[in-house]
file coords.cif (mmCIF, C-alpha atoms)
data_query
#
loop_
_atom_site.label_atom_id
_atom_site.label_comp_id
_atom_site.auth_asym_id
_atom_site.auth_seq_id
_atom_site.Cartn_x
_atom_site.Cartn_y
_atom_site.Cartn_z
CA MET A 1 39.86 158.11 -88.40
CA LEU A 2 36.29 156.88 -88.22
CA GLU A 3 37.36 153.47 -89.56
CA ASP A 4 39.98 153.13 -86.84
CA SER A 5 37.51 153.95 -84.08
CA VAL A 6 34.96 151.48 -85.45
CA HIS A 7 37.65 148.79 -85.72
CA LEU A 8 38.87 149.49 -82.20
CA GLN A 9 35.34 149.57 -80.89
CA SER A 10 34.59 146.10 -82.30
CA GLU A 11 37.86 144.80 -80.83
CA VAL A 12 37.00 146.21 -77.44
CA LYS A 13 33.49 144.67 -77.46
CA ALA A 14 34.68 141.21 -78.55
CA PRO A 15 36.35 139.23 -75.75
CA ALA A 16 39.73 137.68 -76.60
CA LEU A 17 38.36 134.12 -76.46
CA GLN A 18 35.61 134.87 -78.95
CA ARG A 19 38.08 136.54 -81.30
CA THR A 20 40.29 133.40 -81.30
CA GLU A 21 37.24 131.23 -81.98
CA VAL A 22 36.23 133.49 -84.87
CA ASN A 23 39.72 133.26 -86.39
CA SER A 24 39.56 129.44 -86.31
CA LYS A 25 36.52 129.32 -88.58
CA CYS A 26 35.48 130.25 -92.08
CA PHE A 27 33.04 133.09 -92.55
CA VAL A 28 30.59 132.87 -95.47
CA ASN A 29 27.23 134.49 -96.18
CA GLY A 30 27.11 136.01 -92.69
CA LYS A 31 27.68 132.67 -91.00
CA TYR A 32 30.69 131.02 -89.35
CA LEU A 33 31.54 127.47 -90.41
CA LYS A 34 33.50 125.06 -88.26
CA LEU A 35 36.42 123.15 -89.73
CA GLY A 36 35.03 120.48 -92.10
CA GLU A 37 31.54 122.03 -92.16
CA SER A 38 29.91 122.65 -95.55
CA VAL A 39 27.27 125.06 -96.77
CA GLU A 40 25.41 125.37 -100.08
CA LEU A 41 26.62 128.50 -101.83
CA GLU A 42 24.50 128.30 -104.94
CA VAL A 43 21.86 125.92 -106.14
CA SER A 44 20.20 125.80 -109.53
CA ASN A 45 18.25 123.09 -111.33
CA CYS A 46 21.37 121.41 -112.68
CA THR A 47 24.24 122.68 -110.54
CA LYS A 48 24.96 122.68 -106.81
CA ILE A 49 27.96 124.58 -105.44
CA THR A 50 29.03 123.86 -101.87
CA GLY A 51 31.73 125.47 -99.77
CA THR A 52 33.67 123.50 -97.18
CA CYS A 53 35.82 125.01 -94.45
CA VAL A 54 39.38 123.60 -94.60
CA TYR A 55 42.69 124.42 -92.93
CA LYS A 56 45.62 124.82 -95.33
CA ASP A 57 48.97 126.63 -95.05
CA HIS A 58 48.08 127.92 -91.56
CA LYS A 59 44.88 129.51 -92.87
CA TYR A 60 41.21 128.64 -92.85
CA LEU A 61 39.90 128.60 -96.40
CA LEU A 62 36.60 127.92 -98.10
CA THR A 63 36.96 125.36 -100.89
CA LYS A 64 34.25 125.24 -103.51
CA THR A 65 32.89 122.00 -104.93
CA THR A 66 30.65 122.11 -107.99
CA LEU A 67 28.31 119.22 -108.70
CA THR A 68 26.61 119.34 -112.07
CA GLU A 69 23.89 116.83 -112.82
CA SER A 70 24.73 114.93 -115.96
CA CYS A 71 21.84 114.23 -118.26
CA THR A 72 21.79 111.38 -120.74
CA LYS A 73 20.46 112.04 -124.19
CA PRO A 74 19.12 109.22 -126.32
CA GLU A 75 20.80 108.40 -129.61
CA PRO A 76 18.96 109.73 -132.69
CA ASP A 77 18.14 106.19 -133.86
CA GLN A 78 16.39 105.26 -130.60
CA ASN A 79 13.05 106.64 -131.78
CA CYS A 80 12.47 108.71 -128.62
CA ILE A 81 9.78 111.24 -127.75
CA PRO A 82 10.52 113.95 -125.15
CA LEU A 83 8.00 113.83 -122.28
CA GLY A 84 9.18 116.76 -120.15
CA TYR A 85 11.76 117.29 -117.41
CA ASP A 86 12.80 115.43 -114.27
CA ALA A 87 11.77 116.58 -110.77
CA ASN A 88 14.75 119.01 -110.61
CA GLY A 89 13.83 120.57 -113.96
CA CYS A 90 17.32 119.83 -115.23
CA CYS A 91 17.23 116.74 -117.44
CA ARG A 92 14.75 115.94 -120.18
CA ILE A 93 12.82 112.71 -119.83
CA TYR A 94 12.23 110.63 -122.95
CA HIS A 95 10.10 107.67 -123.88
CA CYS A 96 12.06 105.50 -126.28
CA ASN A 97 10.94 102.62 -128.42
CA SER A 98 13.92 100.45 -127.65
CA GLU A 99 12.45 97.22 -128.95
CA CYS A 100 13.91 95.58 -132.00
CA THR A 101 11.14 96.11 -134.57
CA VAL A 102 10.47 96.29 -138.30
CA THR A 103 10.32 99.81 -139.72
CA ALA A 104 9.40 100.61 -143.31
CA SER A 105 10.77 103.19 -145.73
CA THR A 106 10.45 103.87 -149.43
CA VAL A 107 13.64 103.19 -151.38
CA THR A 108 14.58 103.40 -155.04
CA LEU A 109 16.27 100.24 -156.31
CA ARG A 110 18.68 100.82 -159.22
CA LYS A 111 20.41 98.46 -161.60
CA TYR A 112 22.08 99.65 -164.79
CA ASP A 113 19.76 102.37 -166.16
CA CYS A 114 16.65 100.82 -164.56
CA LYS A 115 14.91 101.76 -161.32
CA ALA A 116 11.89 100.90 -159.20
CA GLU A 117 10.46 102.37 -156.02
CA VAL A 118 9.69 99.79 -153.34
CA ILE A 119 8.92 99.72 -149.65
CA LEU A 120 11.83 98.14 -147.81
CA ASN A 121 11.81 97.14 -144.18
CA GLN A 122 14.72 97.45 -141.84
CA CYS A 123 15.34 96.03 -138.39
CA LYS A 124 15.64 98.96 -136.03
CA GLY A 125 15.88 99.30 -132.27
CA HIS A 126 18.09 98.34 -129.38
CA CYS A 127 18.81 95.06 -127.70
CA ASP A 128 20.09 94.52 -124.17
CA SER A 129 23.82 94.68 -123.68
CA GLU A 130 26.20 94.78 -120.74
CA THR A 131 29.84 94.50 -119.84
CA ARG A 132 30.89 93.25 -116.42
CA TYR A 133 33.89 91.94 -114.56
CA ASN A 134 33.68 88.25 -113.65
CA GLY A 135 35.17 87.90 -110.18
CA VAL A 136 35.53 84.13 -110.56
CA THR A 137 37.40 84.02 -113.88
CA GLY A 138 39.06 87.45 -113.56
CA LEU A 139 37.88 88.35 -117.08
CA ILE A 140 35.78 91.16 -118.49
CA GLU A 141 32.68 89.73 -120.15
CA THR A 142 30.59 91.53 -122.74
CA TYR A 143 27.11 90.49 -123.78
CA CYS A 144 25.44 92.43 -126.52
CA GLY A 145 22.51 91.96 -128.80
CA CYS A 146 22.00 93.07 -132.37
CA CYS A 147 18.65 93.82 -133.99
CA VAL A 148 18.63 91.40 -136.94
CA PRO A 149 16.07 89.91 -139.37
CA LYS A 150 14.29 86.82 -138.06
CA LYS A 151 12.01 86.19 -141.05
CA PHE A 152 12.27 87.56 -144.58
CA LYS A 153 11.13 86.83 -148.10
CA LYS A 154 12.49 87.37 -151.59
CA LEU A 155 10.35 89.56 -153.85
CA THR A 156 10.51 90.64 -157.48
CA VAL A 157 9.54 94.03 -158.89
CA ASN A 158 9.22 95.39 -162.44
CA ALA A 159 11.78 98.15 -162.90
CA SER A 160 11.47 100.69 -165.70
CA CYS A 161 14.54 101.49 -167.75
CA LYS A 162 15.50 104.66 -169.64
CA SER A 163 15.18 102.77 -172.93
CA GLY A 164 11.51 102.12 -172.15
CA ARG A 165 11.91 98.40 -171.52
CA MET A 166 11.09 96.66 -168.22
CA MET A 167 13.47 94.61 -166.12
CA LEU A 168 12.77 92.26 -163.21
CA MET A 169 14.67 93.10 -160.02
CA ASP A 170 14.88 90.90 -156.95
CA TYR A 171 15.08 92.22 -153.39
CA ILE A 172 14.71 90.98 -149.82
CA LEU A 173 11.90 92.20 -147.56
CA PHE A 174 12.34 91.73 -143.80
CA GLN A 175 9.12 90.56 -142.15
CA GLU A 176 10.19 90.07 -138.52
CA CYS A 177 13.16 91.19 -136.43
CA GLU A 178 14.70 89.91 -133.21
CA CYS A 179 17.54 90.54 -130.79
CA ASN A 180 20.32 88.09 -131.53
CA HIS A 181 23.14 87.87 -128.98
CA ASP A 182 25.34 85.61 -131.12
CA ALA A 183 25.42 87.94 -134.15
CA CYS A 184 27.42 90.57 -132.24
CA LYS A 185 30.17 88.28 -130.94
CA PRO A 186 33.58 88.92 -132.48
CA ASN A 187 34.99 86.16 -134.66
CA GLN A 188 37.04 83.80 -132.53
#
call {"tool": "encode", "arguments": {"input": "coords.cif", "output": "structure tokens"}}
result
Amino acid sequence: MLEDSVHLQSEVKAPALQRTEVNSKCFVNGKYLKLGESVELEVSNCTKITGTCVYKDHKYLLTKTTLTESCTKPEPDQNCIPLGYDANGCCRIYHCNSECTVTASTVTLRKYDCKAEVILNQCKGHCDSETRYNGVTGLIETYCGCCVPKKFKKLTVNASCKSGRMMLMDYILFQECECNHDACKPNQ
């Protein structure tokens, strides 16, 4: 009975015009939204949820839209160091050595039952690339670069064999690397 009296009391206090206006809006978080009006429902570092007042099937409804910030992660071979987070605190910021450079590693060369440990260089890094639509020709054009050796030399090392003898082994040592945009073109 108390509920009925409270309900009636609120109906009596609210003029008919105001009640119609209230029914033509969405009510969220203690606030009325006009048709088409939006409000932030929830915000975190990486996600923003907004509600928009819409009219559908003779009813006013609140539709939710979720926007999640997408963060890009560098590839493992990009030689990146994490520096911290962006201003929102959502995405990590990295400093990457994206240049095409010479990097060294120790490798064991093997031939037959002989082996030798040598320092080999490899060309590592990233070169500029892009794909775009050419409005003049109507074609999609791709330009990409590959990190390739620019200068190298042939070396010889003494390899030790299981039999106790020595064997000469040749190998190539990269000295300089560069971005080459022709090396990545498909064969035509």
call {"tool": "residues_around", "arguments": {"input": "coords.cif", "residues": "Tyr143 (chain A)", "least_positions_apart": "6", "cutoff": "8 Å", "atoms": "only C-alpha atoms", "output": "NGL selection string"}}
result
:A and (129-131 or 181)
call {"tool": "resolve_selection", "arguments": {"input": "coords.cif", "expression": "the PyMOL selection byres ((chain A and resi 146-157) around 10)", "output": "MDAnalysis selection string"}}
result
chainID A and resid 99:102 109 115:118 121:129 144:145 158:160 166:185
call {"tool": "residues_around", "arguments": {"input": "coords.cif", "residues": "Lys31 (chain A)", "least_positions_apart": "4", "cutoff": "12 Å", "atoms": "all atoms listed in the file", "output": "list of chain:residue names"}}
result
A:Val22, A:Lys25, A:Cys26, A:Phe27, A:Glu37, A:Ser38, A:Val39, A:Glu40, A:Leu41, A:Cys53
call {"tool": "atom_distance", "arguments": {"input": "coords.cif", "atom1": "CA of Thr68 (chain A)", "atom2": "CA of Cys91 (chain A)"}}
result
11.1 Å
call {"tool": "resolve_selection", "arguments": {"input": "coords.cif", "expression": "the PyMOL selection byres ((chain A and resi 61) around 10)", "output": "number ranges by chain"}}
result
A: 25-27, 35, 51-60, 62-64
call {"tool": "atom_distance", "arguments": {"input": "coords.cif", "atom1": "CA of Ala87 (chain A)", "atom2": "CA of Glu69 (chain A)"}}
result
12.3 Å
